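Undergrad: What follows is a structure written as C-alpha cells; I'll ask about it next.
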There are 2 protein chains.
Amino acid sequence: MPNFDAGVLCDASEDRLLPAIAQDADSGRVLMLAWMNLEAWTETMQTGRAVYFSRSRGKLWRKGETSGHQQIVRSVQVDCDADTILLHVDQTGAACHEGYASCFFRSVDADGSVDVREPRLVDPADVYG
Amino acid sequence: MPNFDAGVLCDASEDRLLPAIAQDADSGRVLMLAWMNLEAWTETMQTGRAVYFSRSRGKLWRKGETSGHQQIVRSVQVDCDADTILLHVDQTGAACHEGYASCFFRSVDADGSVDVREPRLVDPADVYG
C-alpha cells in the first residue's frame with residue numbers, strides 16, 4: 001500500500017500526491033508520469049483502469065475520459081519507500097495529449113539540444129478538438 | 001530543457017524538484033524514481049552519471065557514491081510538459097538500497113496484498129554496512 005503521507009503537496013488540493021509511472025505492459029516503454037491521491041489510487045485498484053489526480057484541474061482524472069485513450073492496468077508495483085507507484089498498462093491509442101505514443105517523445109542531448117525522434121500517432125485536434 | 005519552475009517543493013530545500021525516472025537501457029525495467037533540482041540535472045548532463053537531489057538528506061546525491069551502484073546515462077528524455085525526466089541508464093549492481101535490482105520489487109494485487117516476487121541481488125549490509 002502506498003504511503004500517501006510521504007506525498008507532495010500542490011496548490012490544487014490539500015491531499016498529498018505520489019508520482020505514478022505508467023509503463024506499457026508489452027513494450028516496456030515508459031508512457032507518462034502523473035500523480036495520484038488516495039482516491040485516485042483506490043479507484044484505480046477497484047476498476048483496473050488508471051485514474052490520476054490532475055494537478056492543473058484539481059480533480060480526479062480518469063485517463064481516457066476525453067480522448068478515449070484509456071489505460072487498462074495489468075499489474076501494479078510500489079517502490080521500496082512506498083512513495084512511488086508503477087503501473088503496467090495496456091494503452092489504448094496515444095498516451096500523450098500531444099498525440100505521441102509516449103509523453104517522453106523529446107530527447108535531450110548532452111549539449112542541451114532537444115530533438116523529436118518519432119512521429120505523432122494521432123492529431124490532437126482530432127481527439128480533443 | 002526541463003522546466004524546474006513547475007517542480008515541487010520539499011522541506012529540505014528551497015529548490016523546486018522534478019521527478020526523474022531511471023530505466024534500464026537494456027532491459028527496459030523501471031529501476032527507481034528520484035528527484036532532481038537544476039544543479040543535479042546540470043551535473044548529470046555534464047558528467048553522464050545520474051545525480052539526484054536527496055529529499056531526506058537535503059543535498060545532491062551522486063548515485064553510487066556510497067554503494068558503488070552508479071548509473072551511466074545513455075540517453076535522456078523529457079516529457080510533454082517538460083516537468084518529468086526519463087534517464088536510460090546502465091546500472092551497476094542493484095539500483096535499490098534494499099539490494100534489489102529495481103526499487104519496484106513489490107507487487108500490489110487488487111485486494112491490496114503486497115508480494116515480493118524476486119530475490120535480492122546483494123545484501124544491503126555488505127554495501128552500506
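Every chain in the C-alpha cells takes a letter, A first, then B, and so on in the order presented; its residues are numbered from 1, and the ligands are numbered from 1 following the presented order.
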Both chains have the same sequence, so match all Cα atoms in order, fit chain A onto chain B by least squares, and return it as an mmCIF file with N, CA and C atoms, in the first residue's frame.
TA:
data_model
loop_
_atom_site.group_PDB
_atom_site.id
_atom_site.type_symbol
_atom_site.label_atom_id
_atom_site.label_comp_id
_atom_site.auth_asym_id
_atom_site.auth_seq_id
_atom_site.Cartn_x
_atom_site.Cartn_y
_atom_site.Cartn_z
ATOM 1 N N MET A 1 14.957 21.111 -22.441
ATOM 2 C CA MET A 1 15.392 21.527 -21.095
ATOM 3 C C MET A 1 14.208 21.438 -20.131
ATOM 4 N N PRO A 2 14.399 20.764 -19.005
ATOM 5 C CA PRO A 2 13.287 20.662 -18.048
ATOM 6 C C PRO A 2 12.897 22.032 -17.481
ATOM 7 N N ASN A 3 11.633 22.133 -17.132
ATOM 8 C CA ASN A 3 11.102 23.372 -16.560
ATOM 9 C C ASN A 3 11.033 23.245 -15.039
ATOM 10 N N PHE A 4 12.104 23.654 -14.386
ATOM 11 C CA PHE A 4 12.148 23.479 -12.935
ATOM 12 C C PHE A 4 11.162 24.389 -12.198
ATOM 13 N N ASP A 5 10.674 25.428 -12.853
ATOM 14 C CA ASP A 5 9.632 26.261 -12.221
ATOM 15 C C ASP A 5 8.365 25.456 -11.942
ATOM 16 N N ALA A 6 8.185 24.355 -12.673
ATOM 17 C CA ALA A 6 6.991 23.518 -12.488
ATOM 18 C C ALA A 6 7.209 22.429 -11.441
ATOM 19 N N GLY A 7 8.362 22.447 -10.805
ATOM 20 C CA GLY A 7 8.680 21.394 -9.850
ATOM 21 C C GLY A 7 7.946 21.540 -8.532
ATOM 22 N N VAL A 8 8.163 20.549 -7.687
ATOM 23 C CA VAL A 8 7.519 20.539 -6.375
ATOM 24 C C VAL A 8 8.533 20.980 -5.324
ATOM 25 N N LEU A 9 7.994 21.477 -4.235
ATOM 26 C CA LEU A 9 8.838 21.914 -3.132
ATOM 27 C C LEU A 9 8.972 20.791 -2.114
ATOM 28 N N CYS A 10 10.051 20.803 -1.384
ATOM 29 C CA CYS A 10 10.181 19.863 -0.266
ATOM 30 C C CYS A 10 10.824 20.589 0.901
ATOM 31 N N ASP A 11 10.709 20.000 2.063
ATOM 32 C CA ASP A 11 11.175 20.683 3.277
ATOM 33 C C ASP A 11 12.674 20.942 3.263
ATOM 34 N N ALA A 12 13.413 20.062 2.594
ATOM 35 C CA ALA A 12 14.864 20.096 2.720
ATOM 36 C C ALA A 12 15.546 21.116 1.818
ATOM 37 N N SER A 13 14.776 21.804 1.004
ATOM 38 C CA SER A 13 15.397 22.687 0.020
ATOM 39 C C SER A 13 14.389 23.714 -0.451
ATOM 40 N N GLU A 14 14.893 24.859 -0.856
ATOM 41 C CA GLU A 14 14.010 25.847 -1.474
ATOM 42 C C GLU A 14 13.917 25.639 -2.978
ATOM 43 N N ASP A 15 14.761 24.773 -3.498
ATOM 44 C CA ASP A 15 14.708 24.494 -4.930
ATOM 45 C C ASP A 15 13.458 23.692 -5.265
ATOM 46 N N ARG A 16 12.934 23.955 -6.424
ATOM 47 C CA ARG A 16 11.856 23.102 -6.922
ATOM 48 C C ARG A 16 12.468 21.862 -7.560
ATOM 49 N N LEU A 17 11.800 20.750 -7.334
ATOM 50 C CA LEU A 17 12.333 19.456 -7.763
ATOM 51 C C LEU A 17 11.419 18.815 -8.795
ATOM 52 N N LEU A 18 12.027 18.154 -9.753
ATOM 53 C CA LEU A 18 11.266 17.379 -10.733
ATOM 54 C C LEU A 18 11.540 15.896 -10.534
ATOM 55 N N PRO A 19 10.523 15.067 -10.753
ATOM 56 C CA PRO A 19 10.761 13.627 -10.691
ATOM 57 C C PRO A 19 11.611 13.173 -11.870
ATOM 58 N N ALA A 20 12.523 12.261 -11.571
ATOM 59 C CA ALA A 20 13.389 11.686 -12.603
ATOM 60 C C ALA A 20 13.300 10.165 -12.496
ATOM 61 N N ILE A 21 12.918 9.554 -13.590
ATOM 62 C CA ILE A 21 12.770 8.096 -13.654
ATOM 63 C C ILE A 21 14.045 7.522 -14.248
ATOM 64 N N ALA A 22 14.589 6.489 -13.602
ATOM 65 C CA ALA A 22 15.722 5.773 -14.199
ATOM 66 C C ALA A 22 15.224 4.432 -14.719
ATOM 67 N N GLN A 23 15.468 4.205 -15.999
ATOM 68 C CA GLN A 23 15.035 2.974 -16.665
ATOM 69 C C GLN A 23 16.274 2.262 -17.203
ATOM 70 N N ASP A 24 16.338 0.965 -17.003
ATOM 71 C CA ASP A 24 17.472 0.192 -17.513
ATOM 72 C C ASP A 24 17.497 0.275 -19.039
ATOM 73 N N ALA A 25 18.610 0.720 -19.579
ATOM 74 C CA ALA A 25 18.685 0.962 -21.023
ATOM 75 C C ALA A 25 18.571 -0.327 -21.823
ATOM 76 N N ASP A 26 18.963 -1.435 -21.258
ATOM 77 C CA ASP A 26 18.892 -2.704 -21.981
ATOM 78 C C ASP A 26 17.566 -3.422 -21.767
ATOM 79 N N SER A 27 17.203 -3.649 -20.518
ATOM 80 C CA SER A 27 16.009 -4.461 -20.239
ATOM 81 C C SER A 27 14.714 -3.658 -20.294
ATOM 82 N N GLY A 28 14.815 -2.352 -20.160
ATOM 83 C CA GLY A 28 13.620 -1.520 -20.121
ATOM 84 C C GLY A 28 12.950 -1.499 -18.752
ATOM 85 N N ARG A 29 13.505 -2.206 -17.801
ATOM 86 C CA ARG A 29 12.883 -2.208 -16.479
ATOM 87 C C ARG A 29 13.016 -0.830 -15.825
ATOM 88 N N VAL A 30 11.938 -0.395 -15.187
ATOM 89 C CA VAL A 30 12.005 0.846 -14.421
ATOM 90 C C VAL A 30 12.719 0.539 -13.108
ATOM 91 N N LEU A 31 13.795 1.241 -12.865
ATOM 92 C CA LEU A 31 14.659 0.933 -11.722
ATOM 93 C C LEU A 31 14.292 1.725 -10.483
ATOM 94 N N MET A 32 13.978 2.985 -10.659
ATOM 95 C CA MET A 32 13.724 3.853 -9.508
ATOM 96 C C MET A 32 13.170 5.184 -9.975
ATOM 97 N N LEU A 33 12.636 5.912 -9.027
ATOM 98 C CA LEU A 33 12.296 7.311 -9.254
ATOM 99 C C LEU A 33 12.976 8.119 -8.163
ATOM 100 N N ALA A 34 13.652 9.170 -8.586
ATOM 101 C CA ALA A 34 14.261 10.078 -7.616
ATOM 102 C C ALA A 34 13.957 11.505 -8.070
ATOM 103 N N TRP A 35 14.625 12.473 -7.497
ATOM 104 C CA TRP A 35 14.287 13.871 -7.732
ATOM 105 C C TRP A 35 15.517 14.630 -8.171
ATOM 106 N N MET A 36 15.310 15.620 -8.999
ATOM 107 C CA MET A 36 16.413 16.477 -9.427
ATOM 108 C C MET A 36 16.062 17.939 -9.211
ATOM 109 N N ASN A 37 17.047 18.692 -8.732
ATOM 110 C CA ASN A 37 16.967 20.141 -8.871
ATOM 111 C C ASN A 37 17.839 20.519 -10.081
ATOM 112 N N LEU A 38 17.908 21.799 -10.356
ATOM 113 C CA LEU A 38 18.656 22.224 -11.545
ATOM 114 C C LEU A 38 20.116 21.798 -11.452
ATOM 115 N N GLU A 39 20.661 21.873 -10.254
ATOM 116 C CA GLU A 39 22.074 21.512 -10.065
ATOM 117 C C GLU A 39 22.301 20.026 -10.375
ATOM 118 N N ALA A 40 21.402 19.178 -9.905
ATOM 119 C CA ALA A 40 21.527 17.738 -10.171
ATOM 120 C C ALA A 40 21.407 17.465 -11.668
ATOM 121 N N TRP A 41 20.459 18.116 -12.302
ATOM 122 C CA TRP A 41 20.287 17.975 -13.755
ATOM 123 C C TRP A 41 21.564 18.378 -14.498
ATOM 124 N N THR A 42 22.103 19.532 -14.134
ATOM 125 C CA THR A 42 23.280 20.057 -14.831
ATOM 126 C C THR A 42 24.466 19.111 -14.670
ATOM 127 N N GLU A 43 24.653 18.617 -13.449
ATOM 128 C CA GLU A 43 25.790 17.709 -13.221
ATOM 129 C C GLU A 43 25.573 16.367 -13.950
ATOM 130 N N THR A 44 24.337 15.912 -13.968
ATOM 131 C CA THR A 44 24.035 14.678 -14.705
ATOM 132 C C THR A 44 24.386 14.830 -16.185
ATOM 133 N N MET A 45 23.978 15.939 -16.759
ATOM 134 C CA MET A 45 24.209 16.146 -18.196
ATOM 135 C C MET A 45 25.692 16.362 -18.491
ATOM 136 N N GLN A 46 26.401 16.972 -17.548
ATOM 137 C CA GLN A 46 27.825 17.238 -17.785
ATOM 138 C C GLN A 46 28.686 15.994 -17.605
ATOM 139 N N THR A 47 28.303 15.147 -16.647
ATOM 140 C CA THR A 47 29.167 14.007 -16.307
ATOM 141 C C THR A 47 28.706 12.704 -16.939
ATOM 142 N N GLY A 48 27.433 12.632 -17.370
ATOM 143 C CA GLY A 48 26.917 11.377 -17.908
ATOM 144 C C GLY A 48 26.671 10.340 -16.835
ATOM 145 N N ARG A 49 26.614 10.768 -15.583
ATOM 146 C CA ARG A 49 26.253 9.868 -14.474
ATOM 147 C C ARG A 49 25.076 10.470 -13.728
ATOM 148 N N ALA A 50 24.187 9.609 -13.275
ATOM 149 C CA ALA A 50 22.966 10.107 -12.649
ATOM 150 C C ALA A 50 23.273 10.748 -11.297
ATOM 151 N N VAL A 51 22.832 11.975 -11.164
ATOM 152 C CA VAL A 51 22.949 12.725 -9.918
ATOM 153 C C VAL A 51 21.553 13.212 -9.566
ATOM 154 N N TYR A 52 21.133 12.938 -8.357
ATOM 155 C CA TYR A 52 19.809 13.342 -7.912
ATOM 156 C C TYR A 52 19.922 14.314 -6.743
ATOM 157 N N PHE A 53 18.765 14.818 -6.309
ATOM 158 C CA PHE A 53 18.714 15.594 -5.075
ATOM 159 C C PHE A 53 17.995 14.742 -4.042
ATOM 160 N N SER A 54 18.665 14.458 -2.951
ATOM 161 C CA SER A 54 18.063 13.638 -1.905
ATOM 162 C C SER A 54 17.149 14.495 -1.041
ATOM 163 N N ARG A 55 15.870 14.158 -1.065
ATOM 164 C CA ARG A 55 14.919 14.921 -0.234
ATOM 165 C C ARG A 55 15.151 14.650 1.246
ATOM 166 N N SER A 56 15.617 13.460 1.590
ATOM 167 C CA SER A 56 15.817 13.165 3.016
ATOM 168 C C SER A 56 17.100 13.809 3.539
ATOM 169 N N ARG A 57 18.127 13.851 2.690
ATOM 170 C CA ARG A 57 19.397 14.410 3.151
ATOM 171 C C ARG A 57 19.549 15.884 2.805
ATOM 172 N N GLY A 58 18.700 16.358 1.906
ATOM 173 C CA GLY A 58 18.729 17.778 1.565
ATOM 174 C C GLY A 58 19.964 18.193 0.803
ATOM 175 N N LYS A 59 20.513 17.277 0.021
ATOM 176 C CA LYS A 59 21.704 17.633 -0.759
ATOM 177 C C LYS A 59 21.826 16.732 -1.985
ATOM 178 N N LEU A 60 22.770 17.081 -2.839
ATOM 179 C CA LEU A 60 22.980 16.285 -4.044
ATOM 180 C C LEU A 60 23.349 14.860 -3.676
ATOM 181 N N TRP A 61 22.876 13.950 -4.495
ATOM 182 C CA TRP A 61 23.097 12.527 -4.266
ATOM 183 C C TRP A 61 23.646 11.952 -5.567
ATOM 184 N N ARG A 62 24.959 11.727 -5.538
ATOM 185 C CA ARG A 62 25.606 11.120 -6.710
ATOM 186 C C ARG A 62 25.404 9.619 -6.594
ATOM 187 N N LYS A 63 24.462 9.129 -7.342
ATOM 188 C CA LYS A 63 24.031 7.730 -7.238
ATOM 189 C C LYS A 63 25.238 6.808 -7.316
ATOM 190 N N GLY A 64 25.408 5.989 -6.298
ATOM 191 C CA GLY A 64 26.526 5.055 -6.275
ATOM 192 C C GLY A 64 27.717 5.538 -5.470
ATOM 193 N N GLU A 65 27.635 6.760 -4.926
ATOM 194 C CA GLU A 65 28.825 7.284 -4.244
ATOM 195 C C GLU A 65 29.152 6.477 -2.985
ATOM 196 N N THR A 66 28.132 5.897 -2.351
ATOM 197 C CA THR A 66 28.371 5.022 -1.197
ATOM 198 C C THR A 66 28.399 3.555 -1.619
ATOM 199 N N SER A 67 27.435 3.176 -2.440
ATOM 200 C CA SER A 67 27.238 1.762 -2.771
ATOM 201 C C SER A 67 28.114 1.282 -3.927
ATOM 202 N N GLY A 68 28.606 2.207 -4.725
ATOM 203 C CA GLY A 68 29.266 1.812 -5.973
ATOM 204 C C GLY A 68 28.286 1.497 -7.087
ATOM 205 N N HIS A 69 26.995 1.537 -6.762
ATOM 206 C CA HIS A 69 25.976 1.163 -7.745
ATOM 207 C C HIS A 69 25.568 2.366 -8.583
ATOM 208 N N GLN A 70 26.478 2.801 -9.385
ATOM 209 C CA GLN A 70 26.257 4.014 -10.161
ATOM 210 C C GLN A 70 25.425 3.752 -11.413
ATOM 211 N N GLN A 71 24.975 4.831 -12.007
ATOM 212 C CA GLN A 71 24.180 4.763 -13.231
ATOM 213 C C GLN A 71 24.849 5.601 -14.316
ATOM 214 N N ILE A 72 25.285 4.930 -15.371
ATOM 215 C CA ILE A 72 25.825 5.637 -16.534
ATOM 216 C C ILE A 72 24.649 5.989 -17.441
ATOM 217 N N VAL A 73 24.549 7.240 -17.801
ATOM 218 C CA VAL A 73 23.389 7.717 -18.553
ATOM 219 C C VAL A 73 23.629 7.534 -20.044
ATOM 220 N N ARG A 74 22.758 6.740 -20.656
ATOM 221 C CA ARG A 74 22.896 6.522 -22.105
ATOM 222 C C ARG A 74 22.075 7.524 -22.907
ATOM 223 N N SER A 75 20.884 7.861 -22.414
ATOM 224 C CA SER A 75 20.087 8.873 -23.106
ATOM 225 C C SER A 75 19.085 9.470 -22.136
ATOM 226 N N VAL A 76 18.582 10.628 -22.512
ATOM 227 C CA VAL A 76 17.726 11.414 -21.622
ATOM 228 C C VAL A 76 16.522 11.910 -22.413
ATOM 229 N N GLN A 77 15.353 11.797 -21.799
ATOM 230 C CA GLN A 77 14.154 12.351 -22.423
ATOM 231 C C GLN A 77 13.392 13.206 -21.408
ATOM 232 N N VAL A 78 12.667 14.171 -21.899
ATOM 233 C CA VAL A 78 11.754 14.944 -21.054
ATOM 234 C C VAL A 78 10.341 14.756 -21.594
ATOM 235 N N ASP A 79 9.369 14.943 -20.724
ATOM 236 C CA ASP A 79 8.000 14.698 -21.180
ATOM 237 C C ASP A 79 7.396 15.950 -21.795
ATOM 238 N N CYS A 80 6.154 15.818 -22.217
ATOM 239 C CA CYS A 80 5.479 16.870 -22.972
ATOM 240 C C CYS A 80 5.410 18.193 -22.219
ATOM 241 N N ASP A 81 5.285 18.121 -20.911
ATOM 242 C CA ASP A 81 5.226 19.342 -20.105
ATOM 243 C C ASP A 81 6.597 19.759 -19.583
ATOM 244 N N ALA A 82 7.617 18.998 -19.940
ATOM 245 C CA ALA A 82 8.992 19.271 -19.495
ATOM 246 C C ALA A 82 9.093 19.314 -17.975
ATOM 247 N N ASP A 83 8.237 18.547 -17.312
ATOM 248 C CA ASP A 83 8.315 18.518 -15.855
ATOM 249 C C ASP A 83 8.574 17.112 -15.301
ATOM 250 N N THR A 84 8.967 16.195 -16.158
ATOM 251 C CA THR A 84 9.461 14.889 -15.710
ATOM 252 C C THR A 84 10.619 14.495 -16.611
ATOM 253 N N ILE A 85 11.618 13.879 -15.999
ATOM 254 C CA ILE A 85 12.848 13.492 -16.692
ATOM 255 C C ILE A 85 12.914 11.970 -16.730
ATOM 256 N N LEU A 86 13.329 11.434 -17.860
ATOM 257 C CA LEU A 86 13.499 9.983 -18.005
ATOM 258 C C LEU A 86 14.935 9.705 -18.432
ATOM 259 N N LEU A 87 15.644 8.957 -17.592
ATOM 260 C CA LEU A 87 17.019 8.578 -17.895
ATOM 261 C C LEU A 87 17.062 7.111 -18.311
ATOM 262 N N HIS A 88 17.738 6.817 -19.386
ATOM 263 C CA HIS A 88 18.021 5.436 -19.766
ATOM 264 C C HIS A 88 19.455 5.184 -19.327
ATOM 265 N N VAL A 89 19.624 4.218 -18.445
ATOM 266 C CA VAL A 89 20.922 4.070 -17.781
ATOM 267 C C VAL A 89 21.461 2.651 -17.871
ATOM 268 N N ASP A 90 22.782 2.574 -17.741
ATOM 269 C CA ASP A 90 23.453 1.304 -17.458
ATOM 270 C C ASP A 90 23.671 1.268 -15.950
ATOM 271 N N GLN A 91 22.967 0.370 -15.299
ATOM 272 C CA GLN A 91 23.008 0.285 -13.837
ATOM 273 C C GLN A 91 24.102 -0.685 -13.402
ATOM 274 N N THR A 92 24.984 -0.241 -12.551
ATOM 275 C CA THR A 92 25.949 -1.137 -11.913
ATOM 276 C C THR A 92 25.301 -1.699 -10.653
ATOM 277 N N GLY A 93 25.346 -3.018 -10.491
ATOM 278 C CA GLY A 93 24.816 -3.633 -9.268
ATOM 279 C C GLY A 93 23.324 -3.426 -9.122
ATOM 280 N N ALA A 94 22.882 -3.223 -7.902
ATOM 281 C CA ALA A 94 21.463 -3.110 -7.583
ATOM 282 C C ALA A 94 21.067 -1.642 -7.522
ATOM 283 N N ALA A 95 19.975 -1.298 -8.188
ATOM 284 C CA ALA A 95 19.509 0.089 -8.127
ATOM 285 C C ALA A 95 18.993 0.432 -6.735
ATOM 286 N N CYS A 96 18.415 -0.546 -6.066
ATOM 287 C CA CYS A 96 17.691 -0.272 -4.816
ATOM 288 C C CYS A 96 18.606 -0.433 -3.600
ATOM 289 N N HIS A 97 18.436 0.464 -2.632
ATOM 290 C CA HIS A 97 19.261 0.395 -1.418
ATOM 291 C C HIS A 97 18.898 -0.826 -0.574
ATOM 292 N N GLU A 98 17.796 -1.480 -0.910
ATOM 293 C CA GLU A 98 17.454 -2.721 -0.204
ATOM 294 C C GLU A 98 18.060 -3.951 -0.895
ATOM 295 N N GLY A 99 18.827 -3.728 -1.940
ATOM 296 C CA GLY A 99 19.562 -4.817 -2.559
ATOM 297 C C GLY A 99 18.868 -5.476 -3.734
ATOM 298 N N TYR A 100 17.746 -4.924 -4.134
ATOM 299 C CA TYR A 100 17.033 -5.481 -5.288
ATOM 300 C C TYR A 100 17.475 -4.772 -6.571
ATOM 301 N N ALA A 101 17.275 -5.463 -7.687
ATOM 302 C CA ALA A 101 17.656 -4.891 -8.976
ATOM 303 C C ALA A 101 16.920 -3.580 -9.236
ATOM 304 N N SER A 102 15.662 -3.547 -8.846
ATOM 305 C CA SER A 102 14.823 -2.353 -9.021
ATOM 306 C C SER A 102 14.175 -2.007 -7.695
ATOM 307 N N CYS A 103 13.925 -0.741 -7.480
ATOM 308 C CA CYS A 103 13.176 -0.337 -6.275
ATOM 309 C C CYS A 103 11.733 -0.856 -6.319
ATOM 310 N N PHE A 104 11.268 -1.213 -7.501
ATOM 311 C CA PHE A 104 9.878 -1.672 -7.644
ATOM 312 C C PHE A 104 9.833 -3.195 -7.555
ATOM 313 N N PHE A 105 10.191 -3.707 -6.398
ATOM 314 C CA PHE A 105 10.236 -5.162 -6.230
ATOM 315 C C PHE A 105 8.989 -5.682 -5.537
ATOM 316 N N ARG A 106 8.082 -4.817 -5.191
ATOM 317 C CA ARG A 106 6.850 -5.243 -4.519
ATOM 318 C C ARG A 106 5.641 -5.051 -5.416
ATOM 319 N N SER A 107 4.895 -6.115 -5.606
ATOM 320 C CA SER A 107 3.662 -6.052 -6.393
ATOM 321 C C SER A 107 2.472 -5.920 -5.460
ATOM 322 N N VAL A 108 1.509 -5.147 -5.903
ATOM 323 C CA VAL A 108 0.281 -4.955 -5.135
ATOM 324 C C VAL A 108 -0.875 -5.528 -5.940
ATOM 325 N N ASP A 109 -1.584 -6.463 -5.350
ATOM 326 C CA ASP A 109 -2.724 -7.057 -6.038
ATOM 327 C C ASP A 109 -3.990 -6.237 -5.793
ATOM 328 N N ALA A 110 -5.033 -6.574 -6.544
ATOM 329 C CA ALA A 110 -6.278 -5.808 -6.463
ATOM 330 C C ALA A 110 -6.857 -5.810 -5.053
ATOM 331 N N ASP A 111 -6.599 -6.874 -4.302
ATOM 332 C CA ASP A 111 -7.125 -6.934 -2.931
ATOM 333 C C ASP A 111 -6.222 -6.208 -1.933
ATOM 334 N N GLY A 112 -5.181 -5.563 -2.435
ATOM 335 C CA GLY A 112 -4.294 -4.794 -1.565
ATOM 336 C C GLY A 112 -3.130 -5.585 -0.991
ATOM 337 N N SER A 113 -3.081 -6.884 -1.261
ATOM 338 C CA SER A 113 -1.974 -7.679 -0.726
ATOM 339 C C SER A 113 -0.678 -7.352 -1.473
ATOM 340 N N VAL A 114 0.414 -7.388 -0.733
ATOM 341 C CA VAL A 114 1.716 -6.996 -1.264
ATOM 342 C C VAL A 114 2.631 -8.206 -1.246
ATOM 343 N N ASP A 115 3.395 -8.338 -2.298
ATOM 344 C CA ASP A 115 4.114 -9.562 -2.572
ATOM 345 C C ASP A 115 5.483 -9.215 -3.157
ATOM 346 N N VAL A 116 6.528 -9.877 -2.675
ATOM 347 C CA VAL A 116 7.851 -9.722 -3.287
ATOM 348 C C VAL A 116 8.109 -10.951 -4.148
ATOM 349 N N ARG A 117 8.362 -10.721 -5.442
ATOM 350 C CA ARG A 117 8.435 -11.837 -6.382
ATOM 351 C C ARG A 117 9.811 -11.994 -7.006
ATOM 352 N N GLU A 118 10.828 -11.506 -6.330
ATOM 353 C CA GLU A 118 12.176 -11.642 -6.873
ATOM 354 C C GLU A 118 13.164 -11.672 -5.726
ATOM 355 N N PRO A 119 14.341 -12.220 -5.970
ATOM 356 C CA PRO A 119 15.360 -12.276 -4.918
ATOM 357 C C PRO A 119 16.171 -10.980 -4.860
ATOM 358 N N ARG A 120 16.780 -10.761 -3.707
ATOM 359 C CA ARG A 120 17.757 -9.674 -3.621
ATOM 360 C C ARG A 120 18.975 -10.027 -4.454
ATOM 361 N N LEU A 121 19.569 -9.008 -5.068
ATOM 362 C CA LEU A 121 20.833 -9.217 -5.782
ATOM 363 C C LEU A 121 22.006 -9.193 -4.817
ATOM 364 N N VAL A 122 21.917 -8.303 -3.854
ATOM 365 C CA VAL A 122 23.013 -8.133 -2.901
ATOM 366 C C VAL A 122 22.426 -7.925 -1.518
ATOM 367 N N ASP A 123 23.242 -8.185 -0.514
ATOM 368 C CA ASP A 123 22.848 -7.944 0.871
ATOM 369 C C ASP A 123 23.194 -6.491 1.210
ATOM 370 N N PRO A 124 22.183 -5.693 1.584
ATOM 371 C CA PRO A 124 22.459 -4.280 1.872
ATOM 372 C C PRO A 124 23.568 -4.102 2.907
ATOM 373 N N ALA A 125 23.678 -5.031 3.853
ATOM 374 C CA ALA A 125 24.708 -4.906 4.887
ATOM 375 C C ALA A 125 26.115 -4.953 4.292
ATOM 376 N N ASP A 126 26.245 -5.640 3.160
ATOM 377 C CA ASP A 126 27.554 -5.712 2.516
ATOM 378 C C ASP A 126 27.898 -4.415 1.788
ATOM 379 N N VAL A 127 26.863 -3.674 1.453
ATOM 380 C CA VAL A 127 27.062 -2.470 0.639
ATOM 381 C C VAL A 127 27.159 -1.223 1.512
ATOM 382 N N TYR A 128 26.268 -1.154 2.484
ATOM 383 C CA TYR A 128 26.175 0.073 3.284
ATOM 384 C C TYR A 128 26.686 -0.116 4.717
ATOM 385 N N GLY A 129 27.039 -1.401 5.067
ATOM 386 C CA GLY A 129 27.381 -1.697 6.450
ATOM 387 C C GLY A 129 28.739 -1.140 6.854
#
Undergrad: List every residue of region 20-87 of chain A that DSSP, applied to the backbone of this structure, places in helix (DSSP H, G or I), and write the result as a PDB file with C-alpha atoms, in the first residue's frame.
TA:
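Saved to states.pdb:
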ATOM      1  CA  LEU A  38      -5.553   8.172  -2.175  1.00  0.00           C
ATOM      2  CA  GLU A  39      -8.863   8.471  -4.001  1.00  0.00           C
ATOM      3  CA  ALA A  40      -7.222   8.013  -7.414  1.00  0.00           C
ATOM      4  CA  TRP A  41      -5.270   5.019  -6.122  1.00  0.00           C
ATOM      5  CA  THR A  42      -8.386   3.409  -4.656  1.00  0.00           C
ATOM      6  CA  GLU A  43     -10.408   3.872  -7.834  1.00  0.00           C
ATOM      7  CA  THR A  44      -7.533   2.567  -9.956  1.00  0.00           C
ATOM      8  CA  MET A  45      -7.273  -0.585  -7.865  1.00  0.00           C
ATOM      9  CA  GLN A  46     -11.036  -1.108  -7.805  1.00  0.00           C
ATOM     10  CA  THR A  47     -11.687  -0.547 -11.504  1.00  0.00           C
TER      11      THR A  47
END
